[in-house]
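Undergrad: The following file, structure35.tsv, comprises TSV, C-alpha atoms and all ligand atoms:
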```
chain	number	residue	atom	x	y	z
A	1	MET	CA	-9.09	12.75	-9.47
A	2	THR	CA	-10.11	9.13	-9.10
A	3	THR	CA	-11.08	7.61	-5.78
A	4	LEU	CA	-8.81	4.61	-5.23
A	5	LEU	CA	-10.27	3.42	-1.98
A	6	GLU	CA	-12.79	4.38	0.58
A	7	ALA	CA	-13.42	3.19	4.13
A	8	ARG	CA	-16.80	3.82	5.74
A	9	ASP	CA	-17.52	3.50	9.46
A	10	LEU	CA	-14.81	0.91	9.80
A	11	VAL	CA	-14.47	-1.06	13.02
A	12	LEU	CA	-11.53	-3.47	13.32
A	13	ALA	CA	-11.27	-6.14	15.96
A	14	TYR	CA	-9.28	-9.22	16.88
A	15	GLN	CA	-11.11	-12.02	18.66
A	16	GLY	CA	-13.99	-9.65	19.28
A	17	LYS	CA	-11.79	-6.98	20.90
A	18	THR	CA	-12.06	-3.66	19.05
A	19	VAL	CA	-8.73	-2.06	18.19
A	20	LEU	CA	-9.91	0.66	15.81
A	21	ARG	CA	-13.32	2.27	15.41
A	22	ASP	CA	-15.23	4.84	13.37
A	23	VAL	CA	-12.71	5.16	10.56
A	24	ASN	CA	-13.88	7.11	7.54
A	25	LEU	CA	-11.30	7.72	4.89
A	26	THR	CA	-11.07	8.37	1.17
A	27	LEU	CA	-7.87	8.07	-0.81
A	28	ALA	CA	-7.65	9.72	-4.21
A	29	SER	CA	-5.15	9.17	-7.00
A	30	GLY	CA	-1.85	11.00	-6.56
A	31	GLU	CA	-2.27	11.79	-2.85
A	32	ILE	CA	0.44	11.16	-0.25
A	33	VAL	CA	-1.27	10.24	3.01
A	34	THR	CA	0.58	9.32	6.17
A	35	ILE	CA	-0.79	7.46	9.15
A	36	VAL	CA	0.86	8.25	12.46
A	37	GLY	CA	0.00	7.11	15.97
A	38	PRO	CA	1.58	5.51	19.01
A	39	ASN	CA	2.44	1.81	19.19
A	40	GLY	CA	-0.65	-0.33	19.16
A	41	SER	CA	-2.88	2.47	17.88
A	42	GLY	CA	-4.08	0.39	14.91
A	43	LYS	CA	-1.93	1.70	12.05
A	44	SER	CA	-0.90	-1.66	10.60
A	45	SER	CA	-4.38	-3.08	11.18
A	46	LEU	CA	-5.84	-0.22	9.17
A	47	LEU	CA	-3.40	-0.84	6.30
A	48	ARG	CA	-4.29	-4.52	6.35
A	49	ALA	CA	-8.01	-3.73	6.25
A	50	LEU	CA	-7.56	-1.27	3.41
A	51	ILE	CA	-5.79	-3.81	1.22
A	52	GLY	CA	-8.31	-6.49	2.08
A	53	ALA	CA	-6.05	-8.63	4.29
A	54	LEU	CA	-8.18	-8.05	7.40
A	55	ALA	CA	-11.96	-8.26	7.33
A	56	PRO	CA	-13.62	-5.45	9.28
A	57	LEU	CA	-15.94	-6.25	12.17
A	58	ARG	CA	-18.24	-3.50	10.89
A	59	GLY	CA	-18.21	-1.00	8.07
A	60	ALA	CA	-16.80	-1.48	4.61
A	61	VAL	CA	-13.80	-0.80	2.42
A	62	THR	CA	-14.40	-0.14	-1.26
A	63	ARG	CA	-11.50	-0.35	-3.66
A	64	LYS	CA	-11.40	0.76	-7.26
A	65	PRO	CA	-11.93	-2.43	-9.29
A	66	GLY	CA	-8.58	-3.90	-10.34
A	67	LEU	CA	-6.62	-1.47	-8.15
A	68	ARG	CA	-2.88	-2.16	-8.55
A	69	VAL	CA	-1.14	-1.96	-5.18
A	70	GLY	CA	2.63	-1.98	-4.57
A	71	TYR	CA	3.73	-2.84	-1.05
A	72	VAL	CA	7.03	-1.85	0.56
A	73	PRO	CA	7.54	-3.79	3.80
A	74	GLN	CA	9.41	-2.70	6.89
A	75	ASN	CA	12.17	-5.14	6.18
A	76	LEU	CA	12.83	-8.49	4.63
A	77	VAL	CA	15.20	-11.12	5.93
A	78	ILE	CA	17.38	-12.66	3.27
A	79	ASP	CA	19.59	-15.66	3.95
A	80	PRO	CA	23.08	-14.11	4.11
A	81	THR	CA	24.63	-17.28	2.65
A	82	LEU	CA	22.45	-17.11	-0.45
A	83	PRO	CA	24.17	-15.63	-3.51
A	84	LEU	CA	21.48	-13.40	-4.97
A	85	THR	CA	21.94	-10.33	-7.09
A	86	VAL	CA	19.53	-7.43	-6.95
A	87	ALA	CA	18.37	-8.13	-10.52
A	88	ARG	CA	17.66	-11.79	-9.71
A	89	PHE	CA	15.87	-10.81	-6.48
A	90	LEU	CA	13.61	-8.50	-8.46
A	91	GLY	CA	12.87	-11.34	-10.87
A	92	LEU	CA	11.51	-13.56	-8.08
A	93	PRO	CA	9.12	-15.30	-8.00
A	94	GLN	CA	8.05	-14.60	-11.58
A	95	ARG	CA	10.44	-13.70	-14.39
A	96	ILE	CA	10.67	-9.99	-15.00
A	97	GLY	CA	12.27	-8.60	-18.14
A	98	ARG	CA	15.61	-6.82	-17.87
A	99	SER	CA	14.27	-3.49	-19.05
A	100	ALA	CA	11.48	-3.57	-16.44
A	101	VAL	CA	14.09	-4.27	-13.76
A	102	ARG	CA	16.24	-1.42	-15.04
A	103	THR	CA	13.33	1.03	-15.05
A	104	ALA	CA	12.23	0.04	-11.55
A	105	LEU	CA	15.75	0.47	-10.16
A	106	GLN	CA	16.03	3.82	-11.86
A	107	ASP	CA	12.69	4.97	-10.45
A	108	ALA	CA	13.80	3.83	-7.02
A	109	GLY	CA	16.95	5.94	-7.31
A	110	VAL	CA	19.45	3.06	-7.53
A	111	PRO	CA	20.02	2.54	-11.27
A	112	ASP	CA	23.43	0.86	-10.86
A	113	LEU	CA	22.64	-1.79	-8.29
A	114	GLY	CA	21.36	-4.60	-10.54
A	115	GLY	CA	24.54	-6.67	-10.42
A	116	GLN	CA	25.21	-6.18	-6.72
A	117	GLN	CA	24.68	-8.92	-4.15
A	118	MET	CA	21.64	-8.37	-1.92
A	119	VAL	CA	23.68	-9.04	1.21
A	120	SER	CA	26.15	-6.27	0.35
A	121	LEU	CA	23.54	-3.49	0.28
A	122	SER	CA	23.39	-0.72	2.84
A	123	GLY	CA	20.10	-0.21	4.71
A	124	GLY	CA	19.13	2.69	2.46
A	125	GLN	CA	19.98	0.79	-0.72
A	126	PHE	CA	18.07	-2.26	0.52
A	127	GLN	CA	14.91	-0.24	1.12
A	128	ARG	CA	15.21	1.27	-2.35
A	129	VAL	CA	15.45	-2.20	-3.83
A	130	LEU	CA	12.25	-3.10	-1.96
A	131	LEU	CA	10.73	0.06	-3.43
A	132	ALA	CA	11.89	-1.02	-6.91
A	133	ARG	CA	10.21	-4.38	-6.35
A	134	ALA	CA	6.95	-2.66	-5.40
A	135	LEU	CA	7.16	-0.50	-8.54
A	136	LEU	CA	7.39	-3.51	-10.86
A	137	SER	CA	3.61	-3.89	-10.77
A	138	ASP	CA	3.15	-0.29	-11.96
A	139	PRO	CA	1.08	0.48	-8.85
A	140	GLU	CA	-1.69	3.05	-8.68
A	141	LEU	CA	-1.26	2.91	-4.92
A	142	LEU	CA	2.01	2.44	-3.09
A	143	ILE	CA	1.73	1.28	0.52
A	144	LEU	CA	4.66	1.58	2.90
A	145	ASP	CA	4.51	0.11	6.39
A	146	GLU	CA	7.32	1.71	8.39
A	147	ALA	CA	9.63	1.31	5.43
A	148	THR	CA	12.32	3.53	6.92
A	149	GLN	CA	12.50	1.98	10.36
A	150	SER	CA	16.10	0.83	9.92
A	151	LEU	CA	17.31	4.11	8.42
A	152	ASP	CA	18.76	7.12	10.19
A	153	GLN	CA	17.00	10.46	9.78
A	154	PRO	CA	18.94	11.70	6.72
A	155	GLY	CA	18.48	8.24	5.17
A	156	ALA	CA	14.75	8.37	5.85
A	157	ALA	CA	14.47	11.91	4.49
A	158	SER	CA	16.25	10.89	1.32
A	159	PHE	CA	13.99	7.83	0.98
A	160	TYR	CA	10.87	10.00	1.25
A	161	ARG	CA	12.23	12.40	-1.35
A	162	GLN	CA	12.51	9.36	-3.61
A	163	ILE	CA	8.89	8.51	-2.87
A	164	GLU	CA	7.86	12.04	-3.83
A	165	ALA	CA	9.81	11.69	-7.08
A	166	VAL	CA	8.05	8.39	-7.81
A	167	ARG	CA	4.67	10.01	-7.17
A	168	ALA	CA	5.60	12.96	-9.41
A	169	ARG	CA	6.66	10.63	-12.22
A	170	THR	CA	3.97	7.97	-12.04
A	171	GLY	CA	1.10	9.83	-10.40
A	172	CYS	CA	0.58	6.94	-7.95
A	173	ALA	CA	-1.01	7.58	-4.58
A	174	VAL	CA	1.06	6.81	-1.50
A	175	LEU	CA	-0.26	5.57	1.83
A	176	MET	CA	2.30	5.11	4.54
A	177	VAL	CA	2.79	4.41	8.19
A	178	SER	CA	5.83	5.94	9.76
A	179	HIS	CA	7.43	6.84	13.04
A	180	ASP	CA	9.65	9.47	11.44
A	181	LEU	CA	6.98	11.96	12.29
A	182	HIS	CA	8.47	15.22	11.18
A	183	VAL	CA	10.34	13.94	8.17
A	184	VAL	CA	7.41	12.04	6.82
A	185	MET	CA	4.75	14.54	7.69
A	186	ALA	CA	6.55	17.23	5.74
A	187	ALA	CA	6.36	14.98	2.66
A	188	SER	CA	2.63	14.32	3.04
A	189	ASP	CA	-0.42	16.00	1.61
A	190	ARG	CA	-2.53	14.69	4.47
A	191	VAL	CA	-1.87	13.08	7.84
A	192	LEU	CA	-4.16	10.85	9.89
A	193	CYS	CA	-3.33	10.49	13.55
A	194	LEU	CA	-4.71	7.28	15.05
A	195	ASN	CA	-5.29	6.31	18.63
A	196	GLY	CA	-7.92	3.60	18.46
A	197	HIS	CA	-9.82	5.99	16.17
A	198	ILE	CA	-8.83	8.93	13.97
A	199	CYS	CA	-8.06	11.47	16.67
A	200	CYS	CA	-7.05	14.22	14.27
A	201	GLU	CA	-6.41	14.63	10.59
A	202	GLY	CA	-5.54	17.25	8.04
A	203	THR	CA	-2.48	18.83	6.53
A	204	PRO	CA	0.81	18.20	8.36
A	205	GLU	CA	0.61	21.69	9.84
A	206	VAL	CA	-2.86	21.10	11.22
A	207	VAL	CA	-2.03	17.75	12.75
A	208	ALA	CA	1.28	18.91	14.22
A	209	SER	CA	-0.45	21.65	16.14
A	210	ALA	CA	-3.58	19.71	17.12
A	211	PRO	CA	-3.81	19.14	20.88
A	212	GLU	CA	-4.62	15.43	20.33
A	213	TYR	CA	-1.38	14.96	18.41
A	214	ARG	CA	0.60	16.94	20.95
A	215	ALA	CA	-0.88	14.94	23.80
A	216	LEU	CA	0.41	11.79	22.11
A	217	PHE	CA	3.76	12.95	20.81
A	218	GLY	CA	4.62	16.06	22.81
A	219	THR	CA	5.77	19.32	21.33
A	220	GLY	CA	9.48	18.62	20.97
A	221	THR	CA	9.94	18.72	17.24
A	222	GLN	CA	13.52	19.95	17.23
A	223	GLY	CA	12.25	23.03	15.49
A	224	ALA	CA	11.29	21.08	12.39
A	225	LEU	CA	7.71	22.26	12.52
A	226	ALA	CA	8.32	25.44	14.46
A	227	LEU	CA	7.24	27.64	11.63
A	228	TYR	CA	4.06	25.82	10.91
A	229	ARG	CA	1.04	27.89	11.56
A	230	HIS	CA	-2.12	26.61	13.03
A	231	GLN	CA	-4.92	26.31	10.51
A	232	HIS	CA	-8.60	25.66	10.82
A	233	GLN	CA	-9.50	22.22	9.59
A	234	HIS	CA	-10.12	20.46	12.82
A	235	GLY	CA	-12.16	17.37	13.42
A	236	PRO	CA	-15.09	17.42	15.83
A	237	GLU	CA	-12.80	16.79	18.79
A	238	CYS	CA	-10.72	19.87	18.16
A	239	ASP	CA	-12.63	22.57	20.00
A	240	HIS	CA	-9.99	25.31	19.83
A	241	ASP	CA	-10.39	28.06	17.32
A	242	HIS	CA	-7.56	30.45	17.92
A	243	VAL	CA	-4.60	31.11	15.68
A	244	HIS	CA	-1.14	30.71	17.09
A	245	GLU	CA	2.34	29.79	16.08
A	246	ALA	CA	3.42	26.28	16.91
A	247	ALA	CA	5.72	27.23	19.75
A	248	GLU	CA	8.66	24.87	20.19
B	1	LIG	N1	-3.16	-10.70	14.84
B	1	LIG	C1	-3.53	-10.06	15.95
B	1	LIG	N2	-4.24	-10.69	16.91
B	1	LIG	C2	-4.64	-10.06	18.03
B	1	LIG	N3	-4.40	-8.76	18.29
B	1	LIG	C3	-3.71	-8.07	17.37
B	1	LIG	C4	-3.25	-8.67	16.16
B	1	LIG	N4	-2.59	-7.74	15.43
B	1	LIG	C5	-2.64	-6.61	16.16
B	1	LIG	N5	-3.31	-6.80	17.32
B	1	LIG	C6	-3.60	-5.78	18.36
B	1	LIG	O1	-4.28	-4.70	17.73
B	1	LIG	C7	-3.83	-3.46	18.25
B	1	LIG	C8	-3.35	-2.60	17.11
B	1	LIG	O2	-2.19	-3.20	16.52
B	1	LIG	P1	-1.49	-2.62	15.24
B	1	LIG	O3	-0.34	-3.54	14.91
B	1	LIG	O4	-2.49	-2.35	14.20
B	1	LIG	O5	-0.93	-1.25	15.81
B	1	LIG	P2	0.20	-0.29	15.24
B	1	LIG	O6	-0.30	1.09	15.46
B	1	LIG	O7	0.56	-0.68	13.86
B	1	LIG	O8	1.38	-0.62	16.26
B	1	LIG	P3	2.98	-0.48	16.11
B	1	LIG	O9	3.28	0.98	15.98
B	1	LIG	O10	3.47	-1.04	17.39
B	1	LIG	O11	3.39	-1.28	14.90
B	1	LIG	C9	-2.75	-3.79	19.28
B	1	LIG	O12	-3.35	-3.75	20.54
B	1	LIG	C10	-2.33	-5.18	18.92
B	1	LIG	O13	-1.91	-5.89	20.04
```
The structure in this file should be written as structure tokens.
Ligand SMILES: Nc1ncnc2c1ncn2[C@@H]1O[C@H](COP(=O)(O)OP(=O)(O)OP(=O)(O)O)[C@@H](O)[C@H]1O
TA:
Amino acid sequence: MTTLLEARDLVLAYQGKTVLRDVNLTLASGEIVTIVGPNGSGKSSLLRALIGALAPLRGAVTRKPGLRVGYVPQNLVIDPTLPLTVARFLGLPQRIGRSAVRTALQDAGVPDLGGQQMVSLSGGQFQRVLLARALLSDPELLILDEATQSLDQPGAASFYRQIEAVRARTGCAVLMVSHDLHVVMAASDRVLCLNGHICCEGTPEVVASAPEYRALFGTGTQGALALYRHQHQHGPECDHDHVHEAAE
């Protein structure tokens, strides 16, 4: 496994006001890592720092030299009066060959959309086209910042299954921020829960049953994680050591 990026003792601040502190994190090739946390907990700031768009106040981020990153945004506003097919959208701003466009659409799970107008796409199709665009650069790391915010839960679940398929095919690592806690956590190898710092981290099962996570998000998981069993990979702030079923 190759280390794609590493953050050491990261402190992030805006105008001198610290918003995230003491972040240590390593991301290896092929991993799916999800960042969860309440509004304002520093999730987007951390993504920005990791890709080099926000300089840390202290600490450092090291990226593999030449790391290819694909970014899937939350949304993108397109002028509804603009006639623009999916294939032409994917070819902006630089020209992309037809076969590359076809492959990207296929990998994103929408092989037949090339000739369709952007404005006619459903929310789920639109996000897949944004995924296709991110895949054009053959990324080693795919970053998604709340990419399923406009989708309903089945739509989000289906989108994350597509992400898993992309990872399986290309071996890219995936780093994402999401509010679809249970859907997205189930698709992750590792979850980081932020609240101004990393308040807990580990497998989805570990995080879902950590008291820090439950204090932030409650225990109402609609049964989705009810069968998860508590495991023993807690951070220093987790001082409980008993085994129990995650009771919902
Ligand atoms: N450009 C900025 N200038 C000043 N403060 C900022 C800036 N961007 C973010 N912040 C502040 O930093 C903190 C963390 O914001 P951030 O957007 O990283 O959180 P988040 O967890 O992604 O939130 P959300 O879930 O609401 O998107 C917040 O208090 C926010 O107000």
Undergrad: Between CA of Leu136 (chain A) and CA of Cys172 (chain A), what is the distance, to one decimal in Å?
TA: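 Separating CA of Leu136 (chain A) from CA of Cys172 (chain A) is a distance of 12.8 Å.
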Undergrad: Using only C-alpha atoms, which residues sit within 12 Å of Val77 (chain A) once same-chain residues fewer than 5 positions away are excluded, as a PyMOL selection string?
TA: chain A and resi 82+118-119+126-127+130
Undergrad: Once you count all atoms listed in the file, which residues end up within 8 Å of ligand LIG 1 (chain B), and could you hand them over as a PyMOL selection string?
TA: chain A and resi 13-15+18-20+36-46+177+179+194-196
Undergrad: Can you work out which one of A:Leu5, A:Ile35, A:Leu90, A:Ala168 has the shortest atom-to-atom distance to Cys193 (chain A), counting all atoms listed in the file?
TA: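 Distance minimum relative to Cys193 (chain A) lands on A:Ile35.
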Undergrad: Using all atoms listed in the file, which of A:Ala215, A:Leu135, A:Ala7, A:Val184 sits nearest Thr26 (chain A)?
TA: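 Nearest to Thr26 (chain A): A:Ala7.
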Undergrad: Using all atoms listed in the file, determine which residues lie at most 12 Å from Pro154 (chain A), disregarding the query and same-chain residues fewer than 3 positions distant; provide the list as a PDB file with C-alpha atoms, in the coordinates of the input.
TA:
```pdb
ATOM      1  CA  GLY A 124      19.130   2.690   2.460  1.00  0.00           C
ATOM      2  CA  THR A 148      12.320   3.530   6.920  1.00  0.00           C
ATOM      3  CA  SER A 150      16.100   0.830   9.920  1.00  0.00           C
ATOM      4  CA  LEU A 151      17.310   4.110   8.420  1.00  0.00           C
ATOM      5  CA  ALA A 157      14.470  11.910   4.490  1.00  0.00           C
ATOM      6  CA  SER A 158      16.250  10.890   1.320  1.00  0.00           C
ATOM      7  CA  PHE A 159      13.990   7.830   0.980  1.00  0.00           C
ATOM      8  CA  TYR A 160      10.870  10.000   1.250  1.00  0.00           C
ATOM      9  CA  ARG A 161      12.230  12.400  -1.350  1.00  0.00           C
ATOM     10  CA  ASP A 180       9.650   9.470  11.440  1.00  0.00           C
ATOM     11  CA  HIS A 182       8.470  15.220  11.180  1.00  0.00           C
ATOM     12  CA  VAL A 183      10.340  13.940   8.170  1.00  0.00           C
ATOM     13  CA  VAL A 184       7.410  12.040   6.820  1.00  0.00           C
TER      14      VAL A 184
END
```
Undergrad: Centre and edge lengths, as AutoDock Vina command-line options, for the axis-aligned box enclosing every listed atom of region 72-87 of chain A with 5 Å of padding on each of the six sides, in Å to one decimal?
TA:
```
--center_x 15.8 --center_y -9.6 --center_z -1.8 --size_x 27.6 --size_y 25.4 --size_z 27.4
```
Undergrad: Restricting the calculation to only C-alpha atoms: of A:Thr34, A:Pro111, A:Leu131, A:Val11, which residue gets closest to Ala55 (chain A)?
TA: A:Val11
Undergrad: Can you tell me which residues surround Gly202 (chain A) at a distance of at most 7 Å, considering only C-alpha atoms, apart from same-chain residues fewer than 4 positions away, and format the answer as a ChimeraX atom specification?
TA: /A:190-192,206-207,233
Undergrad: So, with all atoms listed in the file as the atoms that count, which of A:Leu181, A:Val166, A:Ala208, A:Leu67 lies closest to Gln149 (chain A)?
TA: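 The answer is A:Leu181, which sits nearest to Gln149 (chain A).
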Undergrad: At a cut-off of 8 Å from (0.4, -5.5, -0.5) in the coordinates of the file, what residues are picked up using only C-alpha atoms, written as a PyMOL selection string?
TA: chain A and resi 51+69-72+143
Undergrad: Calculated over only C-alpha atoms, which of the candidates A:Glu31, A:Glu201, A:Asp9, A:Glu146 has the smallest distance to Val61 (chain A)?
TA: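 Looking at the shortest contact to Val61 (chain A), the residue is A:Asp9.
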